[in-house]
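A.B. asks: Mind looking over this structure? Questions follow.
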Amino acid sequence: MSFDSMGIEKTAMDVLRKYPLCDHCLGRLFARLGVGLTNEERGRAIKNYLLMSIHEKIISEGLSDEAINDLKVLALSGHEPSISFLRNLGIEVSPMPCYVCGNSIFNRLDEWARNIADSLRSLNAEYRTFRLGTRVPSDLLSRELNITTEFNISTAESIKRELNRELGKRVSAILGLSFSRESPDVEVVLDITTGSVNIQLMPIYVFTRYRKIRRFTKRASIRWPTDYIAQVYGAQGIIVHSGGDEVSNVRVLGNGRPLVIQVIKPSKRPSLNDIIASLKNTDDYDVIFDGMEYVRGSIIRRIKARSREYVITYRVLAVTENPITDETIRSLHEYFRNRQVNQRLRVKGRVRRRVSMVYELNGRAIGDRLMELLIRCQGNLHVRGFVHGGFGDIEPSIAGTLGFGVKPIEIDILRITD
Ligand SMILES: [Zn+2]
């Protein structure tokens, strides 16, 4: 790859002739060139090199108006060696404020970093990682963009990136925190116009699968362990996202149902192992959380989208109006192999239609009017209605197919394939 060494030098000089820029703002135009340098060092190095080139020219060709004008350009951008050079020639130049930042931003980095650190300390919460952002006035951003567009510069980075990085370095040095772009414990936003600091404790997402091993009479059966988890995290609240749900008197056995617990504004960050251990030590074993792990929030949408495609195996104990035999159940087995079921459901006063698959149905007669069924079906089948017919709203149903009343008395979920 060839490299035109005149490129940076010429571009920088052209920019400075039109716009006086401080070392930071000049260096930022070439941020992608050279590693291990700060933008301030880049800008400074370019100005030093430009002065040396002008000096070399003066030595070989004598002092020209052009050389003096170029020295003035450097001096106006605040380059001290150029100011001294001109002063020795009897020319006084006082620098102009930087066209982009007005020299009022980068001298405040330490002050802002201290304010951010103070705000974080006063949070009274545990955190190990942070992400930092800045709000920068839009006229400043557009001045910066004008330059890169006008001079067709493709090596620049934005002032926000430089600010975020420089402030981040300072804050992490003060507090011993590490930086996390993907999943920080806390997020800080500094408004550089007002100096105000906005801090947000980021939510924690815990994935688990729950089993309910007892039939509840109340609906809010998984509330107990989730409330306990909220307490352990010192959280302001909790949102439970599950892949579907079931009525309270349905047990969830087998591998359990996927669930994400969103912990809002946690002030403590105990290890998951501690939480798992303390959940196990409690007397209440009605709801069991298995395989707890930390996840990203984006998993919630995936779980919700997937839940209707779950394949769920139910065990249903049902009493029948007329006597039932294994023979009858075998005919149900034949009839309901891979069968579509149409459901008319009333949700908040509105009728909704839904089609779900029943993949397989097996069972046995337990008594004269009692049967146990295993139903493997799509996750969004209203299984209770499917058994008793839902007063004609579910077609075909078991009761409808048999031609007499069937009443489910126990329903368990044996397996959820997600
Ligand atoms: Zn500047």
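Order determines the names: the first chain of the structure tokens is A, the second B, and so forth; residues in each chain are numbered 1 upward, and ligands are numbered 1 upward as they are shown.
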DSSP on the backbone: which residues in region 55-268 of chain A end up as helix (DSSP H, G or I)? Give the answer as a VMD selection string.
C.D. replies: chain A and resid 55 to 61 65 to 76 80 to 88 106 to 121 138 to 150 159 to 175 223 to 232
A.B. asks: What's around region 346-354 of chain A at 10 Å? Count only C-alpha atoms, leave out sequence neighbours fewer than 2 positions away in its own chain, and write the answer as an mmCIF file with C-alpha atoms, in the first residue's frame.
C.D. replies:
```cif
data_model
loop_
_atom_site.group_PDB
_atom_site.id
_atom_site.type_symbol
_atom_site.label_atom_id
_atom_site.label_comp_id
_atom_site.auth_asym_id
_atom_site.auth_seq_id
_atom_site.Cartn_x
_atom_site.Cartn_y
_atom_site.Cartn_z
ATOM 1 C CA VAL A 341 -57.756 -27.064 16.836
ATOM 2 C CA ASN A 342 -59.709 -23.829 16.286
ATOM 3 C CA GLN A 343 -60.268 -21.709 19.364
ATOM 4 C CA ARG A 344 -62.518 -18.727 19.903
ATOM 5 C CA SER A 356 -53.168 -24.534 17.651
ATOM 6 C CA ASN A 380 -50.718 -21.662 22.875
ATOM 7 C CA LEU A 381 -53.451 -24.324 23.050
ATOM 8 C CA HIS A 382 -56.050 -23.589 25.730
ATOM 9 C CA ASP A 393 -65.745 -22.310 21.361
ATOM 10 C CA ILE A 394 -63.072 -24.948 20.807
#
```
A.B. asks: Looking only at strand (DSSP E) from DSSP on the backbone, list the matching residues of region 93-140 of chain A as a PyMOL selection string.
C.D. replies: chain A and resi 129-135
A.B. asks: Neighbours of ligand 1 at 9 Å or closer, counting only C-alpha atoms and all ligand atoms: which residues, as a list in words?
C.D. replies: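 Checked against 9 Å with only C-alpha atoms and all ligand atoms; the hits are Pro20, Leu21, Cys22, Asp23, His24, Cys25, Leu26, Pro97, Cys98, Tyr99, Val100, Cys101, Gly102, Asn103, Ser104, Ile105 and Phe106 of chain A.
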A.B. asks: Deliver the residues from the most recent selection as a file, using N, CA and C atoms, as a tab-separated table (two decimals), in the first residue's frame.
C.D. replies:
```tsv
chain	number	residue	atom	x	y	z
A	20	PRO	N	-8.95	27.96	12.86
A	20	PRO	CA	-7.99	27.68	13.94
A	20	PRO	C	-8.51	26.55	14.82
A	21	LEU	N	-7.67	25.52	15.01
A	21	LEU	CA	-8.10	24.38	15.83
A	21	LEU	C	-7.08	24.11	16.93
A	22	CYS	N	-7.56	23.78	18.12
A	22	CYS	CA	-6.66	23.39	19.21
A	22	CYS	C	-6.04	22.02	18.89
A	23	ASP	N	-5.08	21.59	19.70
A	23	ASP	CA	-4.40	20.32	19.42
A	23	ASP	C	-5.38	19.15	19.40
A	24	HIS	N	-6.33	19.13	20.36
A	24	HIS	CA	-7.32	18.05	20.42
A	24	HIS	C	-8.12	17.97	19.13
A	25	CYS	N	-8.67	19.13	18.73
A	25	CYS	CA	-9.61	19.12	17.60
A	25	CYS	C	-8.89	18.89	16.27
A	26	LEU	N	-7.63	19.32	16.16
A	26	LEU	CA	-6.85	19.00	14.95
A	26	LEU	C	-6.49	17.52	14.94
A	97	PRO	N	-9.63	31.50	19.67
A	97	PRO	CA	-10.26	30.30	20.25
A	97	PRO	C	-10.46	29.23	19.17
A	98	CYS	N	-10.39	27.99	19.58
A	98	CYS	CA	-10.57	26.86	18.65
A	98	CYS	C	-11.95	26.95	18.00
A	99	TYR	N	-11.99	26.80	16.68
A	99	TYR	CA	-13.23	26.93	15.93
A	99	TYR	C	-14.28	25.90	16.39
A	100	VAL	N	-13.83	24.71	16.73
A	100	VAL	CA	-14.79	23.65	17.11
A	100	VAL	C	-15.18	23.75	18.57
A	101	CYS	N	-14.19	23.74	19.48
A	101	CYS	CA	-14.52	23.58	20.91
A	101	CYS	C	-14.40	24.89	21.69
A	102	GLY	N	-13.84	25.93	21.08
A	102	GLY	CA	-13.71	27.20	21.79
A	102	GLY	C	-12.76	27.13	22.97
A	103	ASN	N	-11.91	26.12	23.03
A	103	ASN	CA	-10.96	25.89	24.14
A	103	ASN	C	-11.64	25.84	25.51
A	104	SER	N	-12.91	25.44	25.53
A	104	SER	CA	-13.61	25.48	26.82
A	104	SER	C	-14.04	24.09	27.25
A	105	ILE	N	-13.52	23.05	26.62
A	105	ILE	CA	-13.99	21.70	26.94
A	105	ILE	C	-12.88	20.85	27.55
A	106	PHE	N	-11.75	20.77	26.84
A	106	PHE	CA	-10.75	19.79	27.26
A	106	PHE	C	-9.99	20.20	28.52
```
A.B. asks: Could you name the residues that touch His55 (chain A) at 10 Å or less, counting only C-alpha atoms, but leaving out those on the same chain fewer than 5 positions away, as a ChimeraX atom specification?
C.D. replies: /A:49-50,60-63,67,71,85
A.B. asks: Please provide as number ranges by chain all residues within 8 Å of Thr325 (chain A), with the sequence filter that same-chain residues fewer than 2 positions apart are discarded (counting only C-alpha atoms).
C.D. replies: A: 323, 327-329, 364-365, 368
A.B. asks: Keeping N, CA and C atoms for every residue in the selection just given, could you write it to a file as an mmCIF file, in the first residue's frame?
C.D. replies:
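Contents of again-v4.cif, freshly written:
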```cif
data_model
loop_
_atom_site.group_PDB
_atom_site.id
_atom_site.type_symbol
_atom_site.label_atom_id
_atom_site.label_comp_id
_atom_site.auth_asym_id
_atom_site.auth_seq_id
_atom_site.Cartn_x
_atom_site.Cartn_y
_atom_site.Cartn_z
ATOM 1 N N PRO A 323 -69.519 -43.587 30.896
ATOM 2 C CA PRO A 323 -68.388 -44.499 31.118
ATOM 3 C C PRO A 323 -67.369 -44.396 29.981
ATOM 4 N N GLU A 327 -60.559 -48.474 24.894
ATOM 5 C CA GLU A 327 -60.936 -48.512 23.470
ATOM 6 C C GLU A 327 -61.296 -47.112 22.962
ATOM 7 N N THR A 328 -62.136 -46.397 23.747
ATOM 8 C CA THR A 328 -62.548 -45.036 23.374
ATOM 9 C C THR A 328 -61.334 -44.119 23.299
ATOM 10 N N ILE A 329 -60.433 -44.282 24.257
ATOM 11 C CA ILE A 329 -59.260 -43.402 24.283
ATOM 12 C C ILE A 329 -58.371 -43.674 23.079
ATOM 13 N N ARG A 364 -55.413 -43.415 29.343
ATOM 14 C CA ARG A 364 -55.972 -44.680 29.823
ATOM 15 C C ARG A 364 -57.162 -44.388 30.725
ATOM 16 N N ALA A 365 -58.040 -45.346 30.737
ATOM 17 C CA ALA A 365 -59.165 -45.234 31.669
ATOM 18 C C ALA A 365 -58.678 -45.663 33.034
ATOM 19 N N ASP A 368 -64.333 -46.111 35.978
ATOM 20 C CA ASP A 368 -65.475 -46.149 35.085
ATOM 21 C C ASP A 368 -65.676 -44.804 34.388
#
```
A.B. asks: For the atom pair CA of Asp191 (chain A) and CA of Pro137 (chain A), what is the interatomic distance in Å to one decimal place?
C.D. replies: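 For CA of Asp191 (chain A) relative to CA of Pro137 (chain A), the distance reads 8.8 Å.
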A.B. asks: Kindly indicate which residue among A:Leu414, A:Asn124, A:Arg301, A:Leu163 lies nearest to Gly234 (chain A), using only C-alpha atoms for the distances.
C.D. replies: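 Under the stated criterion, the closest residue is A:Asn124.
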A.B. asks: Could you list, as a short mmCIF file (atom, residue, chain, number, x, y, z; two decimals) with N, CA and C atoms, in the first residue's frame, every residue within 10 Å of Thr226 (chain A), counting only C-alpha atoms and ignoring same-chain residues fewer than 4 positions away?
C.D. replies:
```cif
data_model
loop_
_atom_site.label_atom_id
_atom_site.label_comp_id
_atom_site.auth_asym_id
_atom_site.auth_seq_id
_atom_site.Cartn_x
_atom_site.Cartn_y
_atom_site.Cartn_z
N SER A 221 -48.59 -17.12 42.15
CA SER A 221 -47.83 -18.14 42.87
C SER A 221 -46.32 -17.98 42.77
N ILE A 222 -45.80 -17.41 41.66
CA ILE A 222 -44.34 -17.28 41.60
C ILE A 222 -43.88 -15.96 42.20
N ALA A 230 -35.93 -9.75 44.59
CA ALA A 230 -35.91 -8.28 44.59
C ALA A 230 -35.26 -7.77 45.86
N GLN A 231 -35.61 -8.42 46.98
CA GLN A 231 -35.07 -8.02 48.27
C GLN A 231 -33.56 -8.23 48.35
N VAL A 232 -33.11 -9.39 47.88
CA VAL A 232 -31.68 -9.71 47.95
C VAL A 232 -30.85 -8.72 47.12
N GLY A 237 -37.65 -2.74 42.16
CA GLY A 237 -38.78 -3.53 41.70
C GLY A 237 -38.31 -4.65 40.81
N ILE A 238 -39.28 -5.42 40.35
CA ILE A 238 -38.96 -6.56 39.52
C ILE A 238 -40.02 -6.73 38.44
N ILE A 239 -39.60 -7.08 37.24
CA ILE A 239 -40.57 -7.42 36.20
C ILE A 239 -40.29 -8.86 35.79
N VAL A 240 -41.34 -9.65 35.76
CA VAL A 240 -41.19 -11.05 35.40
C VAL A 240 -41.66 -11.26 33.97
N ILE A 261 -36.17 -12.78 34.93
CA ILE A 261 -36.49 -11.83 35.99
C ILE A 261 -35.67 -10.57 35.74
N GLN A 262 -36.36 -9.46 35.53
CA GLN A 262 -35.69 -8.18 35.30
C GLN A 262 -35.64 -7.43 36.63
N VAL A 263 -34.45 -7.26 37.15
CA VAL A 263 -34.27 -6.62 38.45
C VAL A 263 -34.02 -5.13 38.22
N PHE A 289 -36.68 -22.64 41.21
CA PHE A 289 -35.99 -22.04 40.07
C PHE A 289 -34.76 -22.89 39.74
#
```
A.B. asks: Skipping near chain neighbours, those fewer than 5 positions away, what residues fall within 7 Å of Pro95 (chain A) using only C-alpha atoms, listed as a PyMOL selection string?
C.D. replies: chain A and resi 75-78
A.B. asks: Keeping only all heavy atoms, write those residues as a PDB file, in the first residue's frame.
C.D. replies:
```pdb
ATOM      1  N   ALA A  75       0.359  29.960  14.729  1.00  0.00           N
ATOM      2  CA  ALA A  75       0.303  30.750  15.963  1.00  0.00           C
ATOM      3  C   ALA A  75      -1.137  31.008  16.379  1.00  0.00           C
ATOM      4  O   ALA A  75      -1.499  30.896  17.553  1.00  0.00           O
ATOM      5  CB  ALA A  75       1.062  32.063  15.778  1.00  0.00           C
ATOM      6  N   LEU A  76      -1.992  31.320  15.381  1.00  0.00           N
ATOM      7  CA  LEU A  76      -3.395  31.586  15.686  1.00  0.00           C
ATOM      8  C   LEU A  76      -4.095  30.366  16.289  1.00  0.00           C
ATOM      9  O   LEU A  76      -5.032  30.479  17.061  1.00  0.00           O
ATOM     10  CB  LEU A  76      -4.144  32.013  14.405  1.00  0.00           C
ATOM     11  CG  LEU A  76      -3.924  33.450  13.948  1.00  0.00           C
ATOM     12  CD1 LEU A  76      -4.562  33.665  12.575  1.00  0.00           C
ATOM     13  CD2 LEU A  76      -4.507  34.443  14.953  1.00  0.00           C
ATOM     14  N   SER A  77      -3.612  29.163  15.927  1.00  0.00           N
ATOM     15  CA  SER A  77      -4.215  27.943  16.471  1.00  0.00           C
ATOM     16  C   SER A  77      -3.688  27.639  17.872  1.00  0.00           C
ATOM     17  O   SER A  77      -4.004  26.593  18.440  1.00  0.00           O
ATOM     18  CB  SER A  77      -3.938  26.758  15.545  1.00  0.00           C
ATOM     19  OG  SER A  77      -2.614  26.292  15.737  1.00  0.00           O
ATOM     20  N   GLY A  78      -2.846  28.557  18.409  1.00  0.00           N
ATOM     21  CA  GLY A  78      -2.371  28.381  19.786  1.00  0.00           C
ATOM     22  C   GLY A  78      -1.069  27.604  19.889  1.00  0.00           C
ATOM     23  O   GLY A  78      -0.702  27.158  20.977  1.00  0.00           O
TER      24      GLY A  78
END
```
A.B. asks: Kindly indicate which residue among A:Ile213, A:Val15, A:Leu86, A:Met292 lies nearest to Ile147 (chain A), using only C-alpha atoms for the distances.
C.D. replies: A:Val15
